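**Student:** File model_18.csv follows (CSV, C-alpha atoms):
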```csv
chain,number,residue,atom,x,y,z
P,1,ASP,CA,19.1,8.6,16.9
P,2,GLY,CA,18.4,6.5,20.0
P,3,PHE,CA,20.4,8.8,22.2
P,4,SER,CA,18.5,11.8,20.9
P,5,TYR,CA,15.3,10.1,21.9
P,6,LEU,CA,16.5,9.6,25.4
P,7,ALA,CA,17.8,13.2,25.5
P,8,LYS,CA,14.3,14.4,24.6
P,9,MET,CA,12.8,12.1,27.2
P,10,ARG,CA,15.2,13.6,29.8
P,11,GLN,CA,13.9,17.1,29.0
P,12,GLY,CA,10.4,15.7,29.7
P,13,ALA,CA,11.5,14.0,32.9
P,14,LEU,CA,12.8,17.4,34.1
P,15,GLY,CA,9.3,18.8,33.6
P,16,ALA,CA,9.5,20.4,30.1
P,17,TRP,CA,6.7,20.3,27.6
P,18,GLY,CA,8.6,22.4,25.1
P,19,PHE,CA,11.6,21.0,23.2
P,20,LEU,CA,14.9,23.0,23.4
P,21,LEU,CA,18.2,22.5,21.6
P,22,PRO,CA,20.6,22.7,24.6
P,23,TYR,CA,23.8,22.7,22.5
P,24,ALA,CA,22.8,25.3,19.9
P,25,SER,CA,24.7,28.7,19.9
P,26,ALA,CA,21.3,30.4,20.3
P,27,PRO,CA,18.9,27.8,21.9
P,28,GLY,CA,15.9,30.2,21.7
P,29,GLU,CA,12.6,29.5,23.2
P,30,PRO,CA,11.1,26.0,23.8
P,31,VAL,CA,8.8,24.8,21.1
P,32,LEU,CA,6.1,22.1,20.9
P,33,LEU,CA,8.0,19.4,19.1
P,34,PHE,CA,8.8,15.8,19.9
P,35,VAL,CA,5.8,15.7,22.2
P,36,TYR,CA,5.7,11.9,22.3
P,37,TYR,CA,9.2,11.6,23.7
P,38,LEU,CA,8.6,14.5,26.1
P,39,ALA,CA,5.5,12.7,27.3
P,40,LEU,CA,7.4,9.5,27.8
P,41,GLY,CA,9.9,11.4,30.0
P,42,HIS,CA,7.0,12.7,32.1
P,43,LEU,CA,5.7,9.2,32.5
P,44,ALA,CA,9.2,7.9,33.5
P,45,ARG,CA,9.3,10.6,36.2
P,46,LEU,CA,5.8,9.9,37.4
P,47,PHE,CA,6.4,6.2,37.9
P,48,GLY,CA,10.0,6.5,38.9
P,49,LEU,CA,11.3,4.4,36.0
P,50,PRO,CA,14.7,4.7,34.2
P,51,LEU,CA,14.4,6.4,30.9
P,52,LEU,CA,15.8,3.5,29.0
P,53,TYR,CA,13.2,1.0,30.4
P,54,THR,CA,10.4,3.5,29.7
P,55,TYR,CA,11.6,3.9,26.1
P,56,HIS,CA,11.8,0.1,25.4
P,57,ALA,CA,8.4,-0.5,27.1
P,58,ALA,CA,6.9,2.2,24.8
P,59,ARG,CA,8.6,0.5,21.8
P,60,LEU,CA,7.2,-2.9,22.7
P,61,LEU,CA,3.7,-1.5,23.4
P,62,GLY,CA,3.7,0.3,20.1
P,63,THR,CA,4.8,-2.8,18.3
P,64,LEU,CA,2.0,-4.8,19.9
P,65,LEU,CA,-0.6,-2.2,18.8
P,66,MET,CA,0.8,-2.2,15.3
P,67,PHE,CA,0.4,-6.0,15.0
P,68,LEU,CA,-3.1,-5.9,16.5
P,69,ALA,CA,-4.1,-3.1,14.1
P,70,ALA,CA,-2.7,-5.1,11.2
P,71,TYR,CA,-4.8,-8.1,12.1
P,72,ALA,CA,-7.9,-6.0,12.5
P,73,LEU,CA,-7.4,-4.5,9.0
P,74,LEU,CA,-6.9,-8.0,7.5
P,75,GLU,CA,-10.2,-9.1,9.0
P,76,VAL,CA,-11.9,-6.4,7.0
P,77,CYS,CA,-9.9,-7.1,3.8
P,78,LEU,CA,-9.7,-10.9,3.7
P,79,GLN,CA,-12.7,-13.1,4.4
P,80,GLN,CA,-11.0,-16.5,4.3
P,81,ALA,CA,-9.2,-17.4,7.5
P,82,ARG,CA,-6.4,-19.2,5.7
P,83,ALA,CA,-5.6,-16.2,3.5
P,84,ARG,CA,-5.9,-13.8,6.5
P,85,TRP,CA,-3.4,-15.8,8.6
P,86,ALA,CA,-1.0,-16.2,5.7
P,87,ALA,CA,-1.0,-12.5,5.2
P,88,TYR,CA,-0.6,-11.9,8.9
P,89,VAL,CA,2.5,-14.2,9.1
P,90,LEU,CA,4.0,-12.3,6.2
P,91,ILE,CA,3.3,-9.0,8.0
P,92,LEU,CA,4.8,-10.3,11.3
P,93,PHE,CA,8.0,-11.8,9.9
P,94,GLY,CA,8.2,-10.9,6.2
P,95,SER,CA,10.5,-8.5,4.5
P,96,GLY,CA,11.1,-7.4,0.9
P,97,LEU,CA,13.5,-9.0,-1.6
P,98,GLY,CA,16.2,-6.5,-1.2
P,99,TRP,CA,18.6,-9.1,0.1
P,100,LEU,CA,18.7,-10.6,-3.4
P,101,GLY,CA,20.7,-7.6,-4.5
P,102,LEU,CA,23.4,-7.8,-1.8
P,103,PRO,CA,25.8,-10.0,-3.8
P,104,PHE,CA,25.8,-7.3,-6.4
P,105,GLY,CA,26.2,-4.4,-4.0
P,106,ILE,CA,22.6,-3.3,-4.3
P,107,TRP,CA,20.7,-2.3,-1.2
P,108,GLY,CA,16.9,-2.4,-1.4
P,109,ASN,CA,14.7,0.0,0.4
P,110,ASP,CA,13.5,-2.8,2.7
P,111,LEU,CA,17.0,-2.9,4.1
P,112,LEU,CA,17.4,0.8,4.5
P,113,VAL,CA,13.9,2.1,5.4
P,114,PRO,CA,12.7,0.7,8.7
P,115,GLU,CA,9.2,2.1,8.3
P,116,ALA,CA,8.7,-0.2,5.3
P,117,ILE,CA,8.9,-3.4,7.3
P,118,PRO,CA,6.8,-3.9,10.5
P,119,TRP,CA,9.4,-6.1,12.3
P,120,PHE,CA,12.1,-3.7,11.3
P,121,ALA,CA,10.1,-0.7,12.5
P,122,GLY,CA,9.4,-2.4,15.9
P,123,MET,CA,13.2,-3.0,16.4
P,124,THR,CA,14.2,0.6,15.4
P,125,ASN,CA,12.6,3.0,17.8
P,126,ALA,CA,9.5,3.8,19.8
P,127,HIS,CA,7.6,6.0,17.4
P,128,PHE,CA,7.7,4.0,14.1
P,129,PRO,CA,5.5,1.2,15.3
P,130,LEU,CA,3.0,3.5,17.0
P,131,ALA,CA,2.8,5.6,13.9
P,132,SER,CA,2.2,2.5,11.8
P,133,ALA,CA,-0.6,1.4,14.2
P,134,ALA,CA,-2.3,4.8,13.9
P,135,LEU,CA,-1.9,4.6,10.1
P,136,LEU,CA,-3.5,1.1,10.0
P,137,GLY,CA,-6.2,2.4,12.3
P,138,ILE,CA,-7.2,5.1,9.8
P,139,PHE,CA,-7.4,2.6,6.9
P,140,TYR,CA,-9.4,0.3,9.1
P,141,ALA,CA,-11.9,3.1,9.8
P,142,LEU,CA,-12.2,3.8,6.1
P,143,LEU,CA,-12.7,0.2,5.0
P,144,ASP,CA,-14.8,-1.3,7.8
P,145,ARG,CA,-18.5,-1.2,7.0
P,146,GLN,CA,-19.8,-3.2,10.0
P,147,THR,CA,-19.2,-0.5,12.6
P,148,ALA,CA,-21.3,2.6,13.0
P,149,GLN,CA,-20.1,5.6,11.0
P,150,SER,CA,-19.8,7.8,14.1
P,151,ARG,CA,-17.5,5.3,15.9
P,152,ARG,CA,-15.3,4.9,12.8
P,153,ALA,CA,-15.0,8.7,12.5
P,154,MET,CA,-13.9,8.8,16.2
P,155,LEU,CA,-11.4,6.1,15.5
P,156,ALA,CA,-10.0,7.9,12.5
P,157,ALA,CA,-9.9,11.2,14.4
P,158,GLY,CA,-8.0,9.6,17.4
P,159,CYS,CA,-5.5,7.8,15.1
P,160,SER,CA,-5.0,11.0,13.1
P,161,LEU,CA,-4.3,12.9,16.3
P,162,VAL,CA,-1.7,10.3,17.4
P,163,LEU,CA,-0.1,10.3,13.9
P,164,ALA,CA,0.0,14.1,13.9
P,165,VAL,CA,1.9,14.1,17.3
P,166,VAL,CA,4.1,11.1,16.7
P,167,GLN,CA,5.0,11.3,12.9
P,168,PRO,CA,3.0,14.1,11.3
P,169,PHE,CA,4.4,13.9,7.7
P,170,VAL,CA,3.0,10.4,7.4
P,171,LEU,CA,-0.6,11.8,7.8
P,172,LEU,CA,-0.6,12.9,4.2
P,173,VAL,CA,-0.5,9.2,3.0
P,174,PRO,CA,-3.9,8.0,4.3
P,175,LEU,CA,-5.7,11.4,3.5
P,176,LEU,CA,-4.4,11.5,0.0
P,177,ALA,CA,-5.1,7.8,-0.6
P,178,ALA,CA,-8.7,8.2,0.8
P,179,ALA,CA,-9.3,11.3,-1.2
P,180,GLY,CA,-8.0,9.7,-4.4
P,181,TRP,CA,-10.1,6.6,-3.7
P,182,GLY,CA,-13.2,8.7,-3.3
P,183,VAL,CA,-12.6,10.5,-6.6
P,184,VAL,CA,-12.1,7.2,-8.5
P,185,GLU,CA,-15.2,5.7,-6.9
P,186,ILE,CA,-17.2,8.7,-8.0
P,187,TRP,CA,-15.9,8.5,-11.5
P,188,ARG,CA,-16.6,4.8,-11.8
P,189,GLY,CA,-20.1,5.2,-10.4
P,190,ARG,CA,-21.2,7.9,-12.8
P,191,ARG,CA,-22.2,5.3,-15.5
P,192,GLY,CA,-25.9,5.5,-15.8
P,193,ARG,CA,-26.4,7.1,-12.4
P,194,PRO,CA,-27.1,10.8,-11.4
P,195,LEU,CA,-23.9,12.4,-10.2
P,196,ILE,CA,-25.6,13.7,-7.0
P,197,GLU,CA,-26.5,10.1,-6.1
P,198,VAL,CA,-22.9,8.9,-6.7
P,199,VAL,CA,-21.5,11.7,-4.6
P,200,ARG,CA,-23.9,11.0,-1.8
P,201,GLY,CA,-22.7,7.4,-1.7
P,202,GLN,CA,-19.2,8.7,-0.9
P,203,LEU,CA,-20.3,10.8,2.1
P,204,ASP,CA,-19.3,8.0,4.4
P,205,THR,CA,-15.7,8.1,3.2
P,206,ALA,CA,-15.7,11.9,3.2
P,207,SER,CA,-16.9,12.0,6.8
P,208,ILE,CA,-14.1,9.7,7.9
P,209,VAL,CA,-11.4,11.7,6.0
P,210,GLY,CA,-12.9,15.0,7.4
P,211,ALA,CA,-12.8,13.7,10.9
P,212,ALA,CA,-9.2,12.6,10.5
P,213,LEU,CA,-8.2,15.9,8.9
P,214,LEU,CA,-9.8,18.1,11.6
P,215,ALA,CA,-8.2,16.0,14.4
P,216,SER,CA,-4.8,16.4,12.8
P,217,LEU,CA,-5.1,20.1,12.5
```
Mind turning this structure into structure tokens?
**Tutor:**
Amino acid sequence: DGFSYLAKMRQGALGAWGFLLPYASAPGEPVLLFVYYLALGHLARLFGLPLLYTYHAARLLGTLLMFLAAYALLEVCLQQARARWAAYVLILFGSGLGWLGLPFGIWGNDLLVPEAIPWFAGMTNAHFPLASAALLGIFYALLDRQTAQSRRAMLAAGCSLVLAVVQPFVLLVPLLAAAGWGVVEIWRGRRGRPLIEVVRGQLDTASIVGAALLASL
């Protein structure tokens, strides 16, 4: 896969903004796909950098953003500093327990799915960590209640736009999770309260999800 990313970047370095399959029997017309790697190719050409250096610089930057977004989300979720740092260390260096199955010939998902483990994602390619950072940013916008709603909506919209460009199928995860969360909160809040009041209490979450959805479209 790594060579395919460099090949896409080369098309961008040659000035293309549309992806083309050069070895297909009928290549067809360029289409707006793999925009992230095409853009990295344009950046490499602009700054006169080798494609490989640009690729790894983007990978490291995406990994840094992923870890910063993870800590920001932990600040919202965990009030105790000791618990927050313990969770952060697990995020930085932790993995699953799939290795326990290796003596029995069993491979766990944490050994096969790089997106499942932050460190694994950061070592795999340039778009996994950036997509994870955007995903964490959307959840941060949903959970943070100290920041103004408009700013959180802008953050969710920006992260959704990045996610739609870099790894679009992942965008369903935060939107479905947030929608499900809102439905559950409305159901739980119905006890002894008018339904309209409960629904009004979820408008904050709905605005964040709506901003994210509009940006992704």
**Student:** List every protein, DNA or RNA residue with an atom no more than 12 Å from (8.9, 3.2, 27.0) in the file's coordinates, counting all atoms listed in the file, and format the result as an mmCIF file with C-alpha atoms, in the coordinates of the input.
**Tutor:**
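The resulting point28.cif:
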```cif
data_model
loop_
_atom_site.group_PDB
_atom_site.id
_atom_site.type_symbol
_atom_site.label_atom_id
_atom_site.label_comp_id
_atom_site.auth_asym_id
_atom_site.auth_seq_id
_atom_site.Cartn_x
_atom_site.Cartn_y
_atom_site.Cartn_z
ATOM 1 C CA TYR P 5 15.300 10.100 21.900
ATOM 2 C CA LEU P 6 16.500 9.600 25.400
ATOM 3 C CA MET P 9 12.800 12.100 27.200
ATOM 4 C CA TYR P 36 5.700 11.900 22.300
ATOM 5 C CA TYR P 37 9.200 11.600 23.700
ATOM 6 C CA LEU P 38 8.600 14.500 26.100
ATOM 7 C CA ALA P 39 5.500 12.700 27.300
ATOM 8 C CA LEU P 40 7.400 9.500 27.800
ATOM 9 C CA GLY P 41 9.900 11.400 30.000
ATOM 10 C CA HIS P 42 7.000 12.700 32.100
ATOM 11 C CA LEU P 43 5.700 9.200 32.500
ATOM 12 C CA ALA P 44 9.200 7.900 33.500
ATOM 13 C CA ARG P 45 9.300 10.600 36.200
ATOM 14 C CA PHE P 47 6.400 6.200 37.900
ATOM 15 C CA LEU P 49 11.300 4.400 36.000
ATOM 16 C CA PRO P 50 14.700 4.700 34.200
ATOM 17 C CA LEU P 51 14.400 6.400 30.900
ATOM 18 C CA LEU P 52 15.800 3.500 29.000
ATOM 19 C CA TYR P 53 13.200 1.000 30.400
ATOM 20 C CA THR P 54 10.400 3.500 29.700
ATOM 21 C CA TYR P 55 11.600 3.900 26.100
ATOM 22 C CA HIS P 56 11.800 0.100 25.400
ATOM 23 C CA ALA P 57 8.400 -0.500 27.100
ATOM 24 C CA ALA P 58 6.900 2.200 24.800
ATOM 25 C CA ARG P 59 8.600 0.500 21.800
ATOM 26 C CA LEU P 60 7.200 -2.900 22.700
ATOM 27 C CA LEU P 61 3.700 -1.500 23.400
ATOM 28 C CA GLY P 62 3.700 0.300 20.100
ATOM 29 C CA THR P 63 4.800 -2.800 18.300
ATOM 30 C CA ASN P 125 12.600 3.000 17.800
ATOM 31 C CA ALA P 126 9.500 3.800 19.800
ATOM 32 C CA HIS P 127 7.600 6.000 17.400
ATOM 33 C CA LEU P 130 3.000 3.500 17.000
#
```
**Student:** What's the 8 Å shell around P:Gly18, counting all atoms listed in the file, without same-chain residues fewer than 3 positions away, as a list in words?
**Tutor:** Pro30, Val31, Leu32, Leu33, Val35 and Leu38 of chain P
**Student:** Would you mind telling me which residue in P:Leu46, P:Pro168, P:Val209, P:Leu163 lies nearest to P:Gly15 when using only C-alpha atoms?
**Tutor:**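 Checking each of P:Leu46, P:Pro168, P:Val209, P:Leu163 against P:Gly15, counting only C-alpha atoms, the winner is P:Leu46.
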**Student:** Which residue gives the smallest distance to P:Leu143 among P:Val76, P:Glu115, P:Ala24, P:Leu65, with all atoms listed in the file counted?
**Tutor:**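 Ranking P:Val76, P:Glu115, P:Ala24, P:Leu65 by distance to P:Leu143, first place goes to P:Val76.
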**Student:** Could you check how far atom CA of P:Met66 sits from atom CA of P:Asp144, in Å to one decimal?
**Tutor:** 17.3 Å
**Student:** Using only C-alpha atoms, which of P:Val183, P:Ile106, P:Leu214, P:Leu90 sits nearest P:Pro118?
**Tutor:**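 The closest residue to P:Pro118 is P:Leu90.
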**Student:** Do you have the atom CA of P:Ala133-atom CA of P:Leu161 distance handy?
**Tutor:** 12.3 Å
**Student:** Quick one: pull the distance between atom CA of P:Arg10 and atom CA of P:Pro22, Å, one decimal.
**Tutor:**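 These two atoms are separated by 11.8 Å.
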**Student:** Using only C-alpha atoms and a cutoff of 9 Å, can you tell me which residues are near (5.7, 1.5, 8.1) in the file's coordinates, and write them out as JSON, numbers by chain?
**Tutor:** {"P": [113, 114, 115, 116, 117, 118, 120, 121, 128, 129, 131, 132, 133, 135]}
**Student:** Under the rule that all atoms listed in the file are counted, which of P:Leu155, P:Gly210, P:Val162, P:Gly122 is the nearest residue to P:Ala179?
**Tutor:**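 Among P:Leu155, P:Gly210, P:Val162, P:Gly122, it is P:Gly210 that comes nearest to P:Ala179.
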**Student:** I want to know what sits within 10 Å of P:Ile91, based on all atoms listed in the file, with residues of the same chain fewer than 6 positions away left out; could you give that as a PyMOL selection string?
**Tutor:** chain P and resi 67+70-71+85+117-119
